[in-house]
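One file, coords19.txt, is given below (compact mmCIF, C-alpha atoms).
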```txt
# COMPACT_ATOMS: atom_id res chain seq x y z
CA MET A 1 117.23 -33.30 71.75
CA GLY A 2 118.10 -33.44 75.43
CA GLU A 3 121.80 -32.84 76.08
CA GLN A 4 123.96 -35.84 76.97
CA GLU A 5 126.97 -35.13 79.14
CA SER A 6 129.10 -38.27 79.23
CA ARG A 7 129.09 -41.99 78.57
CA VAL A 8 130.52 -44.82 80.68
CA GLY A 9 131.36 -47.96 78.77
CA VAL A 10 130.86 -51.56 79.83
CA GLY A 11 133.43 -52.54 82.42
CA GLU A 12 134.29 -49.02 83.52
CA ALA A 13 133.74 -47.86 87.10
CA GLU A 14 130.13 -47.07 87.89
CA PRO A 15 129.67 -43.41 88.89
CA TRP A 16 127.69 -44.12 92.07
CA PRO A 17 128.28 -45.82 95.43
CA ASP A 18 128.48 -49.62 95.53
CA GLU A 19 125.38 -49.74 97.73
CA VAL A 20 123.29 -48.57 94.77
CA ARG A 21 124.13 -51.62 92.67
CA GLN A 22 123.49 -53.86 95.69
CA ALA A 23 120.11 -52.27 96.47
CA PHE A 24 118.87 -52.68 92.89
CA ALA A 25 120.59 -56.00 92.21
CA GLN A 26 117.40 -57.53 90.84
CA GLN A 27 117.37 -55.02 87.97
CA LEU A 28 121.02 -54.00 87.52
CA VAL A 29 122.41 -57.35 86.44
CA GLY A 30 125.78 -57.97 84.84
CA PRO A 31 127.82 -55.41 82.88
CA LEU A 32 126.01 -52.09 82.49
CA GLU A 33 126.06 -49.39 79.84
CA VAL A 34 125.76 -46.01 81.53
CA GLU A 35 125.15 -42.56 80.11
CA ARG A 36 124.98 -39.33 82.10
CA LEU A 37 122.00 -37.18 81.13
CA SER A 38 122.31 -33.50 81.96
CA SER A 39 119.20 -31.66 80.79
CA GLY A 40 117.89 -31.19 84.35
CA LEU A 41 118.95 -28.52 86.84
CA LEU A 42 118.63 -30.51 90.09
CA HIS A 43 119.01 -34.30 89.92
CA ARG A 44 122.02 -36.32 88.81
CA THR A 45 120.56 -38.62 86.16
CA TYR A 46 121.89 -41.69 84.34
CA ALA A 47 120.48 -43.79 81.54
CA VAL A 48 121.41 -47.41 82.35
CA ARG A 49 121.13 -50.46 80.10
CA SER A 50 121.27 -53.90 81.71
CA GLY A 51 121.06 -56.58 79.04
CA ASP A 52 118.02 -55.64 76.96
CA ARG A 53 116.37 -53.55 79.69
CA ASP A 54 116.62 -49.75 80.01
CA PHE A 55 116.41 -47.81 83.25
CA VAL A 56 116.81 -44.31 84.61
CA LEU A 57 118.88 -44.06 87.78
CA GLN A 58 118.85 -40.79 89.70
CA ARG A 59 120.44 -39.22 92.71
CA VAL A 60 117.49 -37.10 93.79
CA SER A 61 118.16 -33.53 94.83
CA ASP A 62 118.05 -32.98 98.58
CA VAL A 63 115.61 -30.09 98.10
CA PHE A 64 112.79 -32.63 97.66
CA ALA A 65 111.10 -34.48 100.49
CA ALA A 66 111.31 -38.27 100.46
CA GLU A 67 107.50 -38.38 100.30
CA ILE A 68 107.48 -37.33 96.63
CA HIS A 69 108.07 -41.00 95.82
CA GLN A 70 104.76 -41.90 97.39
CA ASN A 71 103.11 -39.25 95.19
CA ILE A 72 104.79 -40.67 92.10
CA GLU A 73 103.70 -44.20 92.93
CA VAL A 74 100.01 -43.46 93.54
CA VAL A 75 99.63 -41.09 90.59
CA THR A 76 101.42 -43.30 88.06
CA ARG A 77 99.32 -46.27 89.18
CA HIS A 78 96.17 -44.24 88.50
CA LEU A 79 97.45 -42.98 85.14
CA ALA A 80 98.42 -46.48 84.03
CA ARG A 81 94.88 -47.68 84.75
CA CYS A 82 93.69 -44.88 82.45
CA GLY A 83 95.96 -46.09 79.64
CA LEU A 84 98.74 -43.48 79.83
CA ALA A 85 102.38 -44.52 79.50
CA VAL A 86 104.23 -43.80 82.74
CA PRO A 87 107.65 -44.61 84.21
CA GLU A 88 107.55 -47.26 86.92
CA LEU A 89 109.32 -46.61 90.22
CA LEU A 90 111.22 -49.82 90.98
CA PRO A 91 111.71 -51.15 94.53
CA THR A 92 114.99 -51.83 96.25
CA ARG A 93 115.74 -55.38 97.46
CA SER A 94 114.06 -54.45 100.75
CA GLY A 95 110.94 -53.18 98.97
CA ALA A 96 111.59 -49.47 99.55
CA ARG A 97 110.72 -46.85 96.93
CA PHE A 98 114.26 -45.42 97.05
CA LEU A 99 117.65 -45.94 98.66
CA ASP A 100 118.73 -43.40 101.26
CA LEU A 101 122.51 -43.26 101.72
CA GLY A 102 122.58 -40.20 103.96
CA GLU A 103 125.33 -37.83 102.84
CA ALA A 104 125.87 -40.00 99.75
CA GLY A 105 122.39 -39.13 98.58
CA ARG A 106 118.94 -40.52 97.94
CA TRP A 107 118.84 -42.85 94.89
CA ARG A 108 115.96 -44.23 92.86
CA LEU A 109 115.57 -46.49 89.83
CA MET A 110 112.79 -46.27 87.24
CA THR A 111 111.93 -47.92 83.98
CA ARG A 112 113.04 -45.87 81.01
CA LEU A 113 110.27 -45.15 78.54
CA PRO A 114 111.10 -45.19 74.83
CA GLY A 115 111.15 -41.84 73.10
CA VAL A 116 113.07 -38.65 72.46
CA SER A 117 113.08 -35.37 74.37
CA PHE A 118 113.72 -31.86 73.08
CA ASP A 119 114.96 -28.71 74.76
CA VAL A 120 113.05 -26.45 72.35
CA VAL A 121 109.67 -26.98 70.66
CA GLN A 122 110.31 -27.97 67.06
CA SER A 123 107.01 -27.11 65.37
CA SER A 124 103.38 -26.17 65.91
CA ALA A 125 102.47 -29.80 65.14
CA GLN A 126 104.68 -30.91 68.03
CA ALA A 127 103.12 -28.29 70.32
CA ARG A 128 99.63 -29.47 69.41
CA SER A 129 100.46 -33.08 70.22
CA ALA A 130 102.16 -32.04 73.45
CA GLY A 131 99.08 -30.04 74.44
CA ALA A 132 96.84 -33.02 73.69
CA LEU A 133 98.96 -35.24 75.94
CA VAL A 134 98.67 -32.72 78.78
CA GLY A 135 94.91 -32.67 78.21
CA ARG A 136 94.71 -36.46 78.50
CA PHE A 137 96.85 -36.31 81.63
CA HIS A 138 94.52 -33.78 83.28
CA ALA A 139 91.38 -35.62 82.19
CA ALA A 140 92.72 -38.88 83.62
CA LEU A 141 93.30 -37.20 86.98
CA ASP A 142 89.87 -35.55 87.21
CA ASP A 143 88.70 -38.33 89.54
CA PHE A 144 91.99 -38.81 91.41
CA ALA A 145 91.15 -38.30 95.09
CA GLU A 146 94.14 -39.62 97.05
CA PRO A 147 96.15 -37.13 99.15
CA LEU A 148 99.49 -35.85 97.87
CA ALA A 149 102.33 -35.16 100.28
CA PRO A 150 104.14 -31.80 100.26
CA MET A 151 107.22 -31.93 98.03
CA GLY A 152 109.46 -30.27 100.60
CA LEU A 153 109.95 -26.86 99.01
CA PRO A 154 107.69 -23.93 98.12
CA PHE A 155 106.47 -24.22 94.55
CA PHE A 156 104.32 -21.69 92.68
CA ASP A 157 104.25 -19.77 95.95
CA THR A 158 104.84 -16.10 95.18
CA PRO A 159 104.72 -14.88 98.82
CA ALA A 160 107.31 -17.48 99.82
CA TYR A 161 109.57 -16.52 96.91
CA ARG A 162 109.29 -12.84 97.83
CA ALA A 163 110.15 -13.55 101.47
CA ARG A 164 113.14 -15.69 100.53
CA PHE A 165 114.41 -13.03 98.13
CA GLN A 166 114.25 -10.35 100.82
CA ASP A 167 115.98 -12.69 103.26
CA ALA A 168 118.76 -13.27 100.72
CA LEU A 169 119.20 -9.50 100.30
CA ASP A 170 119.45 -9.13 104.07
CA ARG A 171 121.88 -12.03 104.57
CA HIS A 172 124.16 -11.22 101.63
CA ALA A 173 124.63 -7.48 102.09
CA ASP A 174 128.34 -7.81 101.18
CA HIS A 175 127.83 -9.91 98.03
CA PRO A 176 129.38 -8.08 95.06
CA ALA A 177 126.24 -8.70 93.00
CA ARG A 178 123.85 -7.34 95.61
CA PRO A 179 123.22 -3.92 93.98
CA ALA A 180 122.47 -5.52 90.61
CA VAL A 181 120.25 -8.18 92.18
CA GLU A 182 118.38 -5.58 94.22
CA ALA A 183 117.67 -3.71 90.96
CA LEU A 184 116.37 -6.93 89.42
CA GLY A 185 114.06 -7.31 92.39
CA ARG A 186 112.56 -3.88 91.78
CA GLU A 187 111.82 -4.79 88.14
CA ILE A 188 110.21 -8.06 89.20
CA GLU A 189 108.03 -6.36 91.80
CA ALA A 190 106.87 -3.80 89.24
CA GLY A 191 105.79 -6.70 87.04
CA PHE A 192 103.82 -8.33 89.84
CA GLU A 193 102.09 -5.04 90.66
CA ARG A 194 100.98 -4.75 87.04
CA LEU A 195 99.46 -8.25 87.15
CA GLY A 196 97.51 -7.65 90.35
CA PRO A 197 96.74 -10.22 93.08
CA ARG A 198 97.01 -13.95 92.48
CA PRO A 199 93.76 -15.42 91.08
CA GLU A 200 91.62 -17.48 93.45
CA VAL A 201 90.44 -20.57 91.58
CA PRO A 202 90.11 -24.26 92.52
CA SER A 203 93.18 -26.49 92.42
CA ARG A 204 93.61 -29.68 90.43
CA VAL A 205 96.36 -32.31 90.20
CA ILE A 206 99.08 -30.96 87.92
CA HIS A 207 102.43 -32.20 86.69
CA GLY A 208 104.05 -29.01 87.93
CA ASP A 209 107.10 -28.84 85.64
CA LEU A 210 106.00 -29.04 82.01
CA LYS A 211 109.12 -27.73 80.34
CA ILE A 212 109.23 -29.33 76.92
CA SER A 213 112.15 -31.60 77.88
CA ASN A 214 109.81 -33.36 80.34
CA LEU A 215 107.75 -34.76 77.47
CA LEU A 216 108.78 -37.70 75.31
CA PHE A 217 108.11 -37.94 71.59
CA GLU A 218 108.09 -40.93 69.27
CA GLY A 219 111.21 -40.00 67.31
CA ALA A 220 113.82 -37.36 66.54
CA LEU A 221 112.51 -36.36 63.10
CA PRO A 222 109.10 -35.58 61.59
CA PRO A 223 106.52 -37.03 61.60
CA GLU A 224 107.52 -39.02 64.72
CA SER A 225 108.84 -35.89 66.47
CA ALA A 226 105.30 -34.46 66.38
CA HIS A 227 103.80 -37.38 68.35
CA ALA A 228 103.98 -36.91 72.13
CA THR A 229 103.96 -40.21 74.00
CA ALA A 230 104.60 -39.62 77.71
CA LEU A 231 105.25 -37.17 80.53
CA ILE A 232 108.32 -37.77 82.67
CA ASP A 233 109.98 -36.19 85.73
CA LEU A 234 107.04 -36.42 88.13
CA ASP A 235 108.69 -35.00 91.25
CA THR A 236 106.49 -31.90 91.29
CA LEU A 237 103.08 -33.59 91.25
CA MET A 238 100.81 -31.39 93.33
CA ARG A 239 97.40 -29.80 93.60
CA ALA A 240 97.51 -26.26 92.26
CA PRO A 241 95.56 -23.94 89.95
CA LEU A 242 95.59 -24.69 86.23
CA TYR A 243 97.32 -21.39 85.46
CA CYS A 244 100.43 -22.63 87.32
CA GLU A 245 100.63 -25.67 85.04
CA TRP A 246 100.12 -23.84 81.78
CA GLY A 247 102.01 -20.70 82.73
CA ASP A 248 105.10 -22.82 83.29
CA ALA A 249 104.51 -24.87 80.15
CA TRP A 250 104.08 -21.83 77.88
CA ARG A 251 107.07 -20.20 79.55
CA SER A 252 109.09 -23.12 78.18
CA TRP A 253 107.28 -23.90 74.93
CA CYS A 254 106.60 -20.39 73.58
CA ALA A 255 109.63 -18.44 74.77
CA VAL A 256 112.26 -17.17 72.38
CA VAL A 257 114.78 -15.71 74.84
CA ASP A 258 118.13 -14.16 73.96
CA ASP A 259 120.14 -14.41 77.16
CA GLU A 260 123.67 -14.75 75.81
CA PRO A 261 126.41 -13.45 78.13
CA GLY A 262 127.27 -9.82 77.52
CA ARG A 263 124.04 -8.95 75.69
CA THR A 264 120.90 -7.23 76.91
CA ALA A 265 118.27 -9.90 77.51
CA GLY A 266 115.41 -9.92 75.03
CA ALA A 267 112.45 -12.20 74.44
CA GLU A 268 109.52 -12.91 72.15
CA PHE A 269 106.39 -14.98 72.73
CA ASP A 270 105.49 -17.44 69.95
CA LEU A 271 101.74 -17.12 69.36
CA GLU A 272 101.67 -19.89 66.76
CA ILE A 273 103.07 -22.43 69.23
CA PHE A 274 100.71 -21.10 71.89
CA GLY A 275 97.63 -21.49 69.69
CA ALA A 276 98.59 -25.00 68.62
CA SER A 277 99.14 -26.11 72.22
CA VAL A 278 95.75 -24.71 73.29
CA GLU A 279 93.98 -26.52 70.43
CA GLY A 280 95.72 -29.75 71.34
CA TYR A 281 94.83 -29.32 75.01
CA ARG A 282 91.14 -28.90 74.23
CA GLU A 283 91.24 -32.03 72.09
CA GLY A 284 93.00 -34.12 74.75
CA LEU A 285 90.93 -32.80 77.66
CA GLY A 286 87.69 -33.53 75.83
CA ARG A 287 85.68 -30.73 77.44
CA PRO A 288 85.62 -26.92 77.76
CA VAL A 289 87.51 -25.08 80.48
CA ALA A 290 85.22 -23.09 82.79
CA GLU A 291 85.42 -19.32 82.42
CA PRO A 292 87.02 -18.53 85.82
CA GLU A 293 89.84 -20.98 85.15
CA ARG A 294 90.13 -19.91 81.52
CA MET A 295 90.51 -16.25 82.45
CA THR A 296 93.47 -17.01 84.72
CA LEU A 297 95.35 -18.50 81.76
CA VAL A 298 95.62 -15.12 80.01
CA LEU A 299 98.35 -13.85 82.34
CA ALA A 300 99.64 -17.26 83.42
CA THR A 301 102.99 -17.05 81.63
CA ASP A 302 103.64 -13.51 82.86
CA ARG A 303 103.09 -14.60 86.46
CA ILE A 304 105.19 -17.77 86.32
CA ALA A 305 108.03 -16.08 84.42
CA LEU A 306 108.26 -13.43 87.16
CA GLU A 307 108.20 -16.12 89.86
CA LEU A 308 111.11 -17.87 88.16
CA ALA A 309 112.95 -14.57 87.74
CA LEU A 310 112.61 -14.07 91.50
CA ARG A 311 114.00 -17.55 92.17
CA PHE A 312 116.96 -16.95 89.84
CA ALA A 313 117.62 -13.56 91.44
CA THR A 314 117.61 -15.16 94.89
CA ASP A 315 120.11 -17.79 93.79
CA ALA A 316 122.30 -15.07 92.27
CA LEU A 317 123.07 -14.25 95.92
CA GLU A 318 122.83 -17.70 97.51
CA GLU A 319 124.60 -19.56 94.65
CA ARG A 320 123.52 -23.01 95.81
CA TYR A 321 120.26 -24.08 94.17
CA PHE A 322 120.38 -23.98 90.37
CA ALA A 323 123.09 -25.57 88.27
CA TRP A 324 125.11 -23.17 86.10
CA ASP A 325 127.21 -23.26 82.93
CA THR A 326 130.88 -23.04 83.93
CA SER A 327 131.98 -22.78 80.28
CA ARG A 328 130.05 -19.56 79.63
CA TYR A 329 129.92 -17.75 82.98
CA GLU A 330 132.51 -16.78 85.54
CA SER A 331 130.24 -17.61 88.48
CA ALA A 332 126.88 -19.09 89.42
CA SER A 333 125.74 -15.59 90.34
CA ALA A 334 126.50 -14.25 86.86
CA HIS A 335 124.49 -17.04 85.21
CA GLN A 336 121.50 -16.66 87.54
CA GLN A 337 121.40 -12.91 86.93
CA VAL A 338 121.25 -13.49 83.17
CA ARG A 339 118.52 -16.09 83.65
CA ALA A 340 116.51 -13.66 85.80
CA ARG A 341 116.80 -10.94 83.16
CA GLY A 342 115.64 -13.39 80.50
CA GLN A 343 112.51 -14.25 82.47
CA ILE A 344 111.74 -10.56 83.08
CA ALA A 345 112.03 -9.99 79.33
CA LEU A 346 109.72 -12.96 78.67
CA ALA A 347 107.11 -11.57 81.07
CA GLU A 348 107.23 -8.30 79.12
CA ALA A 349 106.84 -10.10 75.79
CA SER A 350 103.93 -12.13 77.14
CA TRP A 351 102.23 -8.97 78.46
CA ARG A 352 102.46 -7.31 75.04
CA CYS A 353 100.46 -10.09 73.35
CA ARG A 354 97.93 -10.73 76.11
CA ALA A 355 94.94 -9.62 74.01
CA ALA A 356 95.79 -12.07 71.23
CA ARG A 357 96.22 -14.89 73.73
CA ALA A 358 92.91 -14.07 75.41
CA SER A 359 91.18 -14.30 72.04
CA ILE A 360 92.69 -17.72 71.32
CA LEU A 361 91.78 -19.05 74.78
CA ASP A 362 88.16 -17.89 74.47
CA ARG A 363 87.79 -19.27 70.96
CA VAL A 364 89.27 -22.70 71.70
CA LEU A 365 88.53 -23.49 75.34
CA ALA A 366 85.06 -22.01 75.83
```

Could you write out this file's structure as structure tokens?
Amino acid sequence: MGEQESRVGVGEAEPWPDEVRQAFAQQLVGPLEVERLSSGLLHRTYAVRSGDRDFVLQRVSDVFAAEIHQNIEVVTRHLARCGLAVPELLPTRSGARFLDLGEAGRWRLMTRLPGVSFDVVQSSAQARSAGALVGRFHAALDDFAEPLAPMGLPFFDTPAYRARFQDALDRHADHPARPAVEALGREIEAGFERLGPRPEVPSRVIHGDLKISNLLFEGALPPESAHATALIDLDTLMRAPLYCEWGDAWRSWCAVVDDEPGRTAGAEFDLEIFGASVEGYREGLGRPVAEPERMTLVLATDRIALELALRFATDALEERYFAWDTSRYESASAHQQVRARGQIALAEASWRCRAARASILDRVLA
């Protein structure tokens, strides 16, 4: 299940500015039970209980534009009309979608949906149910026509990632890790050359960050753990090709990556989990996937894994974007280098089984 970092008991000091409690006074009433949740890499997130009501309070990372809250509001309203469970973005006392405290951060409050999250897929049955939920999500948004604001950072944008990586190499010529990071960059570029140019297919509304911890399940143990109930963490809602959505999902769901400190990174791609998720997706979507879109899914994981490797390699020099594990690594740079190597290894593993994945996609989604 998702990692939990710390717990604040009733009566203890609240770990946020006083203005937060004042802004959400209609919801945060009386003594609160607070728990820090730490499975994400960007936001500071708390589970908050006020009486018998449960909320999620977040300090939103500054990398996101404020307009993502408008995206969340319009999309969740549409999904709710279609019968999907969604978190509700709650207004401040002044009716705003979030509280902006300047240097003290941008804060938002949402309803907390019941359910359990996992950091690793537990079974093929869980993958199938997760895929079906994603299918229902996409089907519900087929007729969604409202505009979505840019999220404030490049996402699934290989040219932008390449440019930023080169800029980091240029600006951090004296960084002790630069030679190692430059070598990582050469491996990543070789991978992109093997994949060829980015596919040109229509965009659709996607979640954008379907790591398995962004899905909720009914319970912690079977059979409830194999029943997906909701998608959460909707900051990356956007219009993009389907291969971006599923490449990132399979990168999370199907990866078996050994990236322990001091060991050579290795990875395997779990075809059983992959096949189950594809079958579930077809069931939830309720229709075939057109051939041009379907063909882009064959190399989707390879492409997204290399994009993420490039982002990790960039942060190995900049050391300011991704969180890192201070108990296992001597620096942020060391952790990001290991993460980059793990994603390169995953892209290799995915490439090796591309024929088997193509066969599954054609059989199930055609």

Using only C-alpha atoms: which of A:Asp302, A:Glu268, A:Glu291, A:Asp170 has the shortest distance to A:Ala349: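 Selected residue with least distance to A:Ala349: A:Glu268.
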
Coordinates-based distance that separates atom CA of A:Val63 from atom CA of A:Ala177 (Å, one decimal): 24.4 Å

Nearest-residue call for A:Gln58, choices A:Glu73, A:Asp142, A:Glu218, A:Glu35, using only C-alpha atoms: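 Closest to A:Gln58 of all the choices is A:Glu35.
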
Closest of A:Gly95, A:Pro179, A:Gly342, A:Pro288 to A:Val364 - atom-to-atom distances counting only C-alpha atoms: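 Ranked by minimum distance to A:Val364, first place goes to A:Pro288.
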
Nearby residues (all atoms listed in the file) at most 6 Å from stretch 203-216 of chain A, same-chain spacing under 6 positions excluded, as a PyMOL selection string: chain A and resi 115-119+228-232+236-241+245+249+252

Convert the current residue selection to file output with C-alpha atoms, as a PDB file, in the frame of the given file.
```pdb
ATOM      1  CA  GLY A 115     111.150 -41.840  73.100  1.00  0.00           C
ATOM      2  CA  VAL A 116     113.070 -38.650  72.460  1.00  0.00           C
ATOM      3  CA  SER A 117     113.080 -35.370  74.370  1.00  0.00           C
ATOM      4  CA  PHE A 118     113.720 -31.860  73.080  1.00  0.00           C
ATOM      5  CA  ASP A 119     114.960 -28.710  74.760  1.00  0.00           C
ATOM      6  CA  ALA A 228     103.980 -36.910  72.130  1.00  0.00           C
ATOM      7  CA  THR A 229     103.960 -40.210  74.000  1.00  0.00           C
ATOM      8  CA  ALA A 230     104.600 -39.620  77.710  1.00  0.00           C
ATOM      9  CA  LEU A 231     105.250 -37.170  80.530  1.00  0.00           C
ATOM     10  CA  ILE A 232     108.320 -37.770  82.670  1.00  0.00           C
ATOM     11  CA  THR A 236     106.490 -31.900  91.290  1.00  0.00           C
ATOM     12  CA  LEU A 237     103.080 -33.590  91.250  1.00  0.00           C
ATOM     13  CA  MET A 238     100.810 -31.390  93.330  1.00  0.00           C
ATOM     14  CA  ARG A 239      97.400 -29.800  93.600  1.00  0.00           C
ATOM     15  CA  ALA A 240      97.510 -26.260  92.260  1.00  0.00           C
ATOM     16  CA  PRO A 241      95.560 -23.940  89.950  1.00  0.00           C
ATOM     17  CA  GLU A 245     100.630 -25.670  85.040  1.00  0.00           C
ATOM     18  CA  ALA A 249     104.510 -24.870  80.150  1.00  0.00           C
ATOM     19  CA  SER A 252     109.090 -23.120  78.180  1.00  0.00           C
TER      20      SER A 252
END
```

Point-to-point distance from atom CA of A:Gln343 to atom CA of A:Leu308, Å rounded to tenths: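 Result for atom CA of A:Gln343 versus atom CA of A:Leu308: 6.9 Å, one decimal.
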
Exercise: A:Arg108 partners within 8 Å, all atoms listed in the file, chain neighbours under 4 positions left out, as a PyMOL selection string: chain A and resi 57-60+89-90+97-99

So that I have them on file, write out the residues from the current selection with C-alpha atoms, as an mmCIF file, in the frame of the given file.
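Written out: selection39.cif:
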```cif
data_model
loop_
_atom_site.group_PDB
_atom_site.id
_atom_site.type_symbol
_atom_site.label_atom_id
_atom_site.label_comp_id
_atom_site.auth_asym_id
_atom_site.auth_seq_id
_atom_site.Cartn_x
_atom_site.Cartn_y
_atom_site.Cartn_z
ATOM 1 C CA LEU A 57 118.880 -44.060 87.780
ATOM 2 C CA GLN A 58 118.850 -40.790 89.700
ATOM 3 C CA ARG A 59 120.440 -39.220 92.710
ATOM 4 C CA VAL A 60 117.490 -37.100 93.790
ATOM 5 C CA LEU A 89 109.320 -46.610 90.220
ATOM 6 C CA LEU A 90 111.220 -49.820 90.980
ATOM 7 C CA ARG A 97 110.720 -46.850 96.930
ATOM 8 C CA PHE A 98 114.260 -45.420 97.050
ATOM 9 C CA LEU A 99 117.650 -45.940 98.660
#
```

Atom-to-atom span, atom CA of A:Leu221 and atom CA of A:Gln126, Å: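 Computed distance, atom CA of A:Leu221 to atom CA of A:Gln126, equals 10.7 Å.
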
Nearest to A:Arg303, chosen from A:Arg106, A:Arg198, A:Arg44, A:Arg112, with all atoms listed in the file counted in the distances: A:Arg198

Among the residues A:Ser333, A:Ser129, A:Thr45, A:Ser50, the one that comes closest to A:Glu279 [using all atoms listed in the file]: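 Of A:Ser333, A:Ser129, A:Thr45, A:Ser50, the one nearest A:Glu279 is A:Ser129, counting all atoms listed in the file.
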
Residue neighbourhood stretch 353-362 of chain A, 8 Å, all atoms listed in the file, exclusion window fewer than 3 positions, as a list in words: Phe269, Leu271, Phe274, Gly275, Val278, Arg294, Met295, Leu297, Val298, Leu299, Ala349, Ser350, Leu365 and Ala366 of chain A

Nearby residues (only C-alpha atoms) at most 12 Å from A:Ala125, same-chain spacing under 2 positions excluded, as a list in words: Val121, Gln122, Ser123, Ala127, Arg128, Ser129, Ala130, Gly131, Ala132, Phe217, Pro222, Pro223, Glu224, Ser225, Ala226, His227, Ala228, Glu272, Ile273, Phe274, Gly275, Ala276, Ser277, Val278, Glu279 and Gly280 of chain A

Which of A:Ile188, A:His172, A:Arg194, A:Leu234 sits closest to A:Glu319 [using all atoms listed in the file]: A:His172

Counting all atoms listed in the file, I want the residues whose atoms come within 10 Å of (119.1, -51.4, 95.9) in the file frame, returned as a short mmCIF file (atom, residue, chain, number, x, y, z; two decimals) with C-alpha atoms, in the coordinates of the input.
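What follows is the written file selection.cif:
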```cif
data_model
loop_
_atom_site.label_atom_id
_atom_site.label_comp_id
_atom_site.auth_asym_id
_atom_site.auth_seq_id
_atom_site.Cartn_x
_atom_site.Cartn_y
_atom_site.Cartn_z
CA ASP A 18 128.48 -49.62 95.53
CA GLU A 19 125.38 -49.74 97.73
CA VAL A 20 123.29 -48.57 94.77
CA ARG A 21 124.13 -51.62 92.67
CA GLN A 22 123.49 -53.86 95.69
CA ALA A 23 120.11 -52.27 96.47
CA PHE A 24 118.87 -52.68 92.89
CA ALA A 25 120.59 -56.00 92.21
CA GLN A 26 117.40 -57.53 90.84
CA GLN A 27 117.37 -55.02 87.97
CA LEU A 28 121.02 -54.00 87.52
CA LEU A 90 111.22 -49.82 90.98
CA PRO A 91 111.71 -51.15 94.53
CA THR A 92 114.99 -51.83 96.25
CA ARG A 93 115.74 -55.38 97.46
CA SER A 94 114.06 -54.45 100.75
CA GLY A 95 110.94 -53.18 98.97
CA ALA A 96 111.59 -49.47 99.55
CA ARG A 97 110.72 -46.85 96.93
CA PHE A 98 114.26 -45.42 97.05
CA LEU A 99 117.65 -45.94 98.66
CA ASP A 100 118.73 -43.40 101.26
CA TRP A 107 118.84 -42.85 94.89
CA ARG A 108 115.96 -44.23 92.86
CA LEU A 109 115.57 -46.49 89.83
#
```

Residues within 12 Å of (119.1, -5.7, 102.3), file coords, only C-alpha atoms, listed as JSON, numbers by chain: {"A": [163, 164, 165, 166, 167, 168, 169, 170, 171, 172, 173, 174, 175, 178, 179, 181, 182, 183, 185, 317]}
